[in-house]
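Here's the structure, in structure tokens; my notes come after.
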Amino acid sequence: RYNSTEVQKVTLFAGDGIGPEISKAVQEVFKAAGVPVQWEPHSVSTHAVSPGGNLVSDEALQSVVRNKVGLKGPLATPIGKGHVSLNLTLRKALKLFANVRPCLSIPGYKTKYDDVDLVIIRENTEGEYSGLEHEVVPGVVSALKVITHEASQRICKYAFEYATLHNRKKVTVVHKANIMKLSDGLFLECAREQAAQYPSLNFEEVLLDAAVMQLAKNPAAYDVMVMPNLYGDIISDLAAGLIGGLGLTPSGNIGEKAAVFEAVHGTAPDIAGQNKANPTALLLSSVMMLRHLGMTNFAQQIERSVLTTISDPKFRTRDLGGSASTSHFTEGVINNL
């Protein structure tokens, strides 16, 4: 469906804090660009459910299932209140097994590195985030790390397919199989099995601690990186820091039947409603969404416009060292279309 112009319904979760402001920015840019998307908004609020309840209504979940794609702003899940997080609910309900986080140096915005171009692919459904914890005896708590052959094969296969589709050269599997010989050993075995099916791609195995050190020294050494859940959570945020932070980083959660794209930064309640938020992360996540939908021309147009806007200091928001407002940045993106 490359360059598709078919109207697509998209479920929209505006989110909390700055979420409504940056979601509005995306909607305005899409309207200006003439993107054939029809938004289906759903609100999610911790005030609407009792502790321990899901933050996503059945109606909202069915909207994503029906539309097969969603866009999500940041959502605040109260810590220690017993609420089940939106991300976890969506991942489990929609079987979103892959979290994909591209990290690309932005031309015109100087950081310590100007040659970062890597993609973190994180297993999204198990590992330390399986949610299996219990108190053995008072003062002793146990958490189970679950690694299965099925999920590991699925995410590793996806990583190699992604690398092939996007003309990447190398896939790196990150692990700690030297210590966790059974769990990470199984994940590593699955990566090796998939690597054998893609002989045109370079393949390497790197221990987690070595990968973190190398990312800090020379991020250009990596291309596509695949890893279990917890490692991916940590390394994807580290990689985001290399290009300027989570405010510049897109993210997508991919499943076999649906996908949800999101801004992974926080809700920034200290600036909510003040027209100070940077909508770049959600805009670039929406670009990922458009590519997923086959709307390649619109994706390229909006991506070029966002990057051009960031390269101009007068349009940079506070988190990028400037003073531009959300609306001013959005106007810049629209004018650059």
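Letters A, B, ... mark the chains of the structure tokens in the order given; residue numbers begin at 1 per chain; ligand numbers begin at 1, in order shown.
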Going by DSSP on the backbone, which residues of stretch 264-319 of chain A come out as helix (DSSP H, G or I)? List them as a CSV table (one decimal) with C-alpha atoms, in the first residue's frame.
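Dumped to result-v2.csv:
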chain,number,residue,atom,x,y,z
A,280,THR,CA,8.3,16.5,17.9
A,281,ALA,CA,8.2,13.0,19.4
A,282,LEU,CA,4.5,12.5,18.7
A,283,LEU,CA,4.9,14.0,15.2
A,284,LEU,CA,7.7,11.6,14.3
A,285,SER,CA,5.7,8.8,15.8
A,286,SER,CA,2.9,9.7,13.5
A,287,VAL,CA,5.4,9.6,10.7
A,288,MET,CA,6.2,6.0,11.7
A,289,MET,CA,2.4,5.4,11.7
A,290,LEU,CA,2.0,6.8,8.2
A,291,ARG,CA,4.8,4.5,6.9
A,292,HIS,CA,3.1,1.6,8.6
A,296,THR,CA,4.9,7.0,2.3
A,297,ASN,CA,4.7,10.4,0.6
A,298,PHE,CA,2.9,12.0,3.5
A,299,ALA,CA,5.3,10.5,5.9
A,300,GLN,CA,8.3,11.9,4.0
A,301,GLN,CA,6.7,15.3,3.6
A,302,ILE,CA,6.0,15.7,7.3
A,303,GLU,CA,9.3,14.2,8.5
A,304,ARG,CA,11.3,16.6,6.2
A,305,SER,CA,9.2,19.5,7.5
A,306,VAL,CA,9.7,18.6,11.2
A,307,LEU,CA,13.5,18.2,10.7
A,308,THR,CA,13.7,21.5,8.8
A,309,THR,CA,11.8,23.3,11.5
A,310,ILE,CA,14.0,21.9,14.3
A,311,SER,CA,17.1,23.1,12.4
A,313,PRO,CA,16.7,28.0,16.2
A,314,LYS,CA,13.8,30.3,16.3
A,315,PHE,CA,11.3,27.4,16.2
A,318,ARG,CA,12.4,25.2,25.7
A,319,ASP,CA,13.6,21.6,26.0
For A:Pro228, please output as number ranges by chain all residues within 7 Å (counting only C-alpha atoms; exclusion window: fewer than 5 positions along the same chain). A: 122-123, 127
Same residues, C-alpha atoms, saved as a PDB file, in the first residue's frame:
ATOM      1  CA  ARG A 122      12.544  -4.646  22.084  1.00  0.00           C
ATOM      2  CA  GLU A 123      10.503  -7.712  22.975  1.00  0.00           C
ATOM      3  CA  GLY A 127      10.903 -10.948  30.454  1.00  0.00           C
TER       4      GLY A 127
END
Mind checking which residues fall within 9 Å of stretch 175-188 of chain A, counting only C-alpha atoms, ignoring those fewer than 2 positions away in the same chain, and posting them as a JSON list (two decimals) with N, CA and C atoms, in the first residue's frame?
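Everything below was put into around15.json:
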[["chain", "number", "residue", "atom", "x", "y", "z"],
["A", 127, "GLY", "N", 9.70, -11.34, 29.73],
["A", 127, "GLY", "CA", 10.90, -10.95, 30.45],
["A", 127, "GLY", "C", 10.58, -10.53, 31.88],
["A", 145, "LYS", "N", 11.36, -13.90, 35.77],
["A", 145, "LYS", "CA", 11.70, -13.47, 34.41],
["A", 145, "LYS", "C", 11.29, -14.59, 33.47],
["A", 146, "VAL", "N", 10.34, -14.31, 32.61],
["A", 146, "VAL", "CA", 9.81, -15.34, 31.71],
["A", 146, "VAL", "C", 10.31, -15.09, 30.30],
["A", 147, "ILE", "N", 11.00, -16.06, 29.74],
["A", 147, "ILE", "CA", 11.46, -16.02, 28.35],
["A", 147, "ILE", "C", 10.95, -17.28, 27.66],
["A", 148, "THR", "N", 10.22, -17.12, 26.56],
["A", 148, "THR", "CA", 9.70, -18.28, 25.83],
["A", 148, "THR", "C", 10.31, -18.35, 24.44],
["A", 149, "HIS", "N", 10.38, -19.56, 23.92],
["A", 149, "HIS", "CA", 10.89, -19.77, 22.57],
["A", 149, "HIS", "C", 10.01, -19.05, 21.55],
["A", 151, "ALA", "N", 7.98, -16.33, 21.81],
["A", 151, "ALA", "CA", 8.11, -14.88, 21.79],
["A", 151, "ALA", "C", 9.50, -14.44, 21.33],
["A", 152, "SER", "N", 10.52, -15.20, 21.70],
["A", 152, "SER", "CA", 11.88, -14.85, 21.30],
["A", 152, "SER", "C", 12.08, -15.03, 19.81],
["A", 153, "GLN", "N", 11.57, -16.12, 19.27],
["A", 153, "GLN", "CA", 11.65, -16.34, 17.83],
["A", 153, "GLN", "C", 10.91, -15.24, 17.07],
["A", 156, "CYS", "N", 12.89, -11.86, 17.22],
["A", 156, "CYS", "CA", 14.13, -11.94, 16.45],
["A", 156, "CYS", "C", 13.85, -11.99, 14.96],
["A", 173, "VAL", "N", 22.30, -8.69, 18.60],
["A", 173, "VAL", "CA", 21.47, -9.18, 19.69],
["A", 173, "VAL", "C", 22.18, -8.85, 21.00],
["A", 190, "CYS", "N", 17.56, -18.29, 19.82],
["A", 190, "CYS", "CA", 16.56, -17.91, 18.82],
["A", 190, "CYS", "C", 17.13, -16.89, 17.84],
["A", 191, "ALA", "N", 17.93, -15.95, 18.34],
["A", 191, "ALA", "CA", 18.55, -14.96, 17.46],
["A", 191, "ALA", "C", 19.49, -15.64, 16.48],
["A", 192, "ARG", "N", 20.24, -16.61, 16.95],
["A", 192, "ARG", "CA", 21.16, -17.34, 16.07],
["A", 192, "ARG", "C", 20.40, -18.10, 14.99],
["A", 193, "GLU", "N", 19.28, -18.70, 15.38],
["A", 193, "GLU", "CA", 18.47, -19.45, 14.41],
["A", 193, "GLU", "C", 17.96, -18.53, 13.31],
["A", 205, "GLU", "N", 26.74, -10.73, 18.41],
["A", 205, "GLU", "CA", 26.20, -10.94, 19.75],
["A", 205, "GLU", "C", 27.01, -10.09, 20.72],
["A", 206, "VAL", "N", 26.32, -9.28, 21.53],
["A", 206, "VAL", "CA", 27.00, -8.37, 22.45],
["A", 206, "VAL", "C", 26.37, -8.47, 23.83],
["A", 207, "LEU", "N", 27.20, -8.55, 24.86],
["A", 207, "LEU", "CA", 26.70, -8.53, 26.23],
["A", 207, "LEU", "C", 26.14, -7.15, 26.55],
["A", 208, "LEU", "N", 25.13, -7.13, 27.40],
["A", 208, "LEU", "CA", 24.44, -5.89, 27.72],
["A", 208, "LEU", "C", 25.39, -4.80, 28.20],
["A", 209, "ASP", "N", 26.26, -5.10, 29.14],
["A", 209, "ASP", "CA", 27.15, -4.08, 29.68],
["A", 209, "ASP", "C", 28.12, -3.57, 28.62],
["A", 227, "MET", "N", 16.60, -7.18, 21.51],
["A", 227, "MET", "CA", 16.91, -7.59, 22.89],
["A", 227, "MET", "C", 15.63, -7.87, 23.66],
["A", 228, "PRO", "N", 15.75, -8.54, 24.81],
["A", 228, "PRO", "CA", 14.59, -8.76, 25.67],
["A", 228, "PRO", "C", 14.06, -7.46, 26.26],
["A", 231, "TYR", "N", 16.07, -4.96, 28.97],
["A", 231, "TYR", "CA", 17.25, -4.37, 28.34],
["A", 231, "TYR", "C", 16.83, -3.32, 27.31]]
Neighbours of A:Ala259 within 7 Å (only C-alpha atoms; same-chain residues fewer than 4 positions away dropped), as number ranges by chain? A: 68-70, 96, 253-255
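If you count only C-alpha atoms and ignore residues fewer than 3 places along the chain from A:Pro199, what sits within 12 Å of it is Phe160, Thr164, Lys169, Lys170, Val171, Arg192, Glu193, Gln194, Ala195, Ala196, Asn202 and Phe203 of chain A.
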Using only all heavy atoms, please write the residues we just selected to a file, as an mmCIF file, in the first residue's frame.
data_model
loop_
_atom_site.group_PDB
_atom_site.id
_atom_site.type_symbol
_atom_site.label_atom_id
_atom_site.label_comp_id
_atom_site.auth_asym_id
_atom_site.auth_seq_id
_atom_site.Cartn_x
_atom_site.Cartn_y
_atom_site.Cartn_z
ATOM 1 N N PHE A 160 15.079 -9.150 12.015
ATOM 2 C CA PHE A 160 15.776 -9.431 10.755
ATOM 3 C C PHE A 160 14.924 -9.007 9.554
ATOM 4 O O PHE A 160 15.457 -8.512 8.555
ATOM 5 C CB PHE A 160 16.147 -10.909 10.678
ATOM 6 C CG PHE A 160 17.368 -11.251 11.468
ATOM 7 C CD1 PHE A 160 17.271 -11.698 12.776
ATOM 8 C CD2 PHE A 160 18.639 -11.119 10.912
ATOM 9 C CE1 PHE A 160 18.398 -12.009 13.527
ATOM 10 C CE2 PHE A 160 19.775 -11.420 11.640
ATOM 11 C CZ PHE A 160 19.656 -11.865 12.964
ATOM 12 N N THR A 164 15.982 -6.102 6.811
ATOM 13 C CA THR A 164 15.944 -6.375 5.374
ATOM 14 C C THR A 164 15.077 -5.353 4.656
ATOM 15 O O THR A 164 15.482 -4.783 3.630
ATOM 16 C CB THR A 164 15.408 -7.794 5.120
ATOM 17 O OG1 THR A 164 16.240 -8.747 5.781
ATOM 18 C CG2 THR A 164 15.370 -8.097 3.631
ATOM 19 N N LYS A 169 22.190 -3.028 7.448
ATOM 20 C CA LYS A 169 23.311 -3.918 7.159
ATOM 21 C C LYS A 169 23.586 -4.948 8.253
ATOM 22 O O LYS A 169 24.146 -6.000 7.973
ATOM 23 C CB LYS A 169 24.583 -3.084 6.935
ATOM 24 C CG LYS A 169 24.460 -2.014 5.858
ATOM 25 C CD LYS A 169 24.127 -2.610 4.506
ATOM 26 C CE LYS A 169 24.079 -1.510 3.437
ATOM 27 N NZ LYS A 169 23.640 -2.059 2.120
ATOM 28 N N LYS A 170 23.212 -4.616 9.490
ATOM 29 C CA LYS A 170 23.638 -5.460 10.602
ATOM 30 C C LYS A 170 22.563 -5.545 11.675
ATOM 31 O O LYS A 170 21.849 -4.579 11.936
ATOM 32 C CB LYS A 170 24.934 -4.899 11.217
ATOM 33 C CG LYS A 170 25.491 -5.719 12.362
ATOM 34 C CD LYS A 170 26.858 -5.214 12.804
ATOM 35 C CE LYS A 170 26.795 -3.876 13.513
ATOM 36 N NZ LYS A 170 28.100 -3.494 14.104
ATOM 37 N N VAL A 171 22.476 -6.716 12.308
ATOM 38 C CA VAL A 171 21.596 -6.922 13.455
ATOM 39 C C VAL A 171 22.456 -7.369 14.629
ATOM 40 O O VAL A 171 23.250 -8.307 14.509
ATOM 41 C CB VAL A 171 20.507 -7.973 13.163
ATOM 42 C CG1 VAL A 171 19.686 -8.249 14.423
ATOM 43 C CG2 VAL A 171 19.600 -7.504 12.031
ATOM 44 N N ARG A 192 20.243 -16.608 16.947
ATOM 45 C CA ARG A 192 21.162 -17.342 16.065
ATOM 46 C C ARG A 192 20.400 -18.104 14.993
ATOM 47 O O ARG A 192 20.817 -18.156 13.821
ATOM 48 C CB ARG A 192 22.015 -18.293 16.885
ATOM 49 C CG ARG A 192 23.059 -17.611 17.762
ATOM 50 C CD ARG A 192 23.695 -18.587 18.727
ATOM 51 N NE ARG A 192 24.773 -17.983 19.513
ATOM 52 C CZ ARG A 192 25.330 -18.552 20.572
ATOM 53 N NH1 ARG A 192 24.922 -19.768 20.970
ATOM 54 N NH2 ARG A 192 26.289 -17.938 21.230
ATOM 55 N N GLU A 193 19.282 -18.699 15.377
ATOM 56 C CA GLU A 193 18.475 -19.448 14.411
ATOM 57 C C GLU A 193 17.962 -18.526 13.314
ATOM 58 O O GLU A 193 17.968 -18.893 12.124
ATOM 59 C CB GLU A 193 17.306 -20.113 15.135
ATOM 60 C CG GLU A 193 17.701 -21.270 16.036
ATOM 61 C CD GLU A 193 16.529 -21.808 16.842
ATOM 62 O OE1 GLU A 193 15.402 -21.301 16.668
ATOM 63 O OE2 GLU A 193 16.745 -22.718 17.669
ATOM 64 N N GLN A 194 17.525 -17.326 13.690
ATOM 65 C CA GLN A 194 17.025 -16.387 12.693
ATOM 66 C C GLN A 194 18.164 -15.833 11.836
ATOM 67 O O GLN A 194 17.995 -15.636 10.633
ATOM 68 C CB GLN A 194 16.274 -15.246 13.377
ATOM 69 C CG GLN A 194 14.933 -15.656 13.963
ATOM 70 C CD GLN A 194 13.998 -16.234 12.910
ATOM 71 O OE1 GLN A 194 13.863 -15.705 11.805
ATOM 72 N NE2 GLN A 194 13.359 -17.351 13.252
ATOM 73 N N ALA A 195 19.310 -15.588 12.445
ATOM 74 C CA ALA A 195 20.449 -15.062 11.686
ATOM 75 C C ALA A 195 20.835 -16.001 10.548
ATOM 76 O O ALA A 195 21.227 -15.555 9.465
ATOM 77 C CB ALA A 195 21.640 -14.839 12.622
ATOM 78 N N ALA A 196 20.702 -17.297 10.793
ATOM 79 C CA ALA A 196 21.041 -18.278 9.765
ATOM 80 C C ALA A 196 20.125 -18.176 8.552
ATOM 81 O O ALA A 196 20.505 -18.590 7.448
ATOM 82 C CB ALA A 196 20.977 -19.684 10.359
ATOM 83 N N ASN A 202 24.808 -8.848 8.360
ATOM 84 C CA ASN A 202 25.824 -9.111 9.375
ATOM 85 C C ASN A 202 25.131 -9.330 10.718
ATOM 86 O O ASN A 202 24.127 -8.688 11.016
ATOM 87 C CB ASN A 202 26.792 -7.941 9.481
ATOM 88 C CG ASN A 202 27.629 -7.761 8.233
ATOM 89 O OD1 ASN A 202 28.022 -8.743 7.602
ATOM 90 N ND2 ASN A 202 27.885 -6.528 7.851
ATOM 91 N N PHE A 203 25.680 -10.220 11.529
ATOM 92 C CA PHE A 203 25.070 -10.551 12.813
ATOM 93 C C PHE A 203 26.140 -10.575 13.879
ATOM 94 O O PHE A 203 27.226 -11.116 13.683
ATOM 95 C CB PHE A 203 24.391 -11.922 12.727
ATOM 96 C CG PHE A 203 23.870 -12.435 14.042
ATOM 97 C CD1 PHE A 203 22.855 -11.772 14.726
ATOM 98 C CD2 PHE A 203 24.410 -13.585 14.616
ATOM 99 C CE1 PHE A 203 22.390 -12.240 15.942
ATOM 100 C CE2 PHE A 203 23.944 -14.069 15.830
ATOM 101 C CZ PHE A 203 22.928 -13.386 16.497
#
Among stretch 212-312 of chain A, which residues does DSSP mark as strand (DSSP E or B) when it is run on the backbone? Keep the chain and numbering as in the structure and answer as a list in words.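 Everything in stretch 212-312 of chain A that counts as strand (DSSP E or B) is Val224, Met225, Val226, Met227, Pro250, Ser251, Gly252, Asn253, Ile254, Ala259, Val260, Phe261, Glu262 and Ala263 of chain A.
Straight-line separation from atom CA of A:Gln197 to atom CA of A:Glu161: 10.2 Å.
For the residues A:Leu71, A:Leu104, A:Val137, A:Ile18, ranking by smallest atom-to-atom distance to A:Gly245 using only C-alpha atoms places A:Leu104 first.
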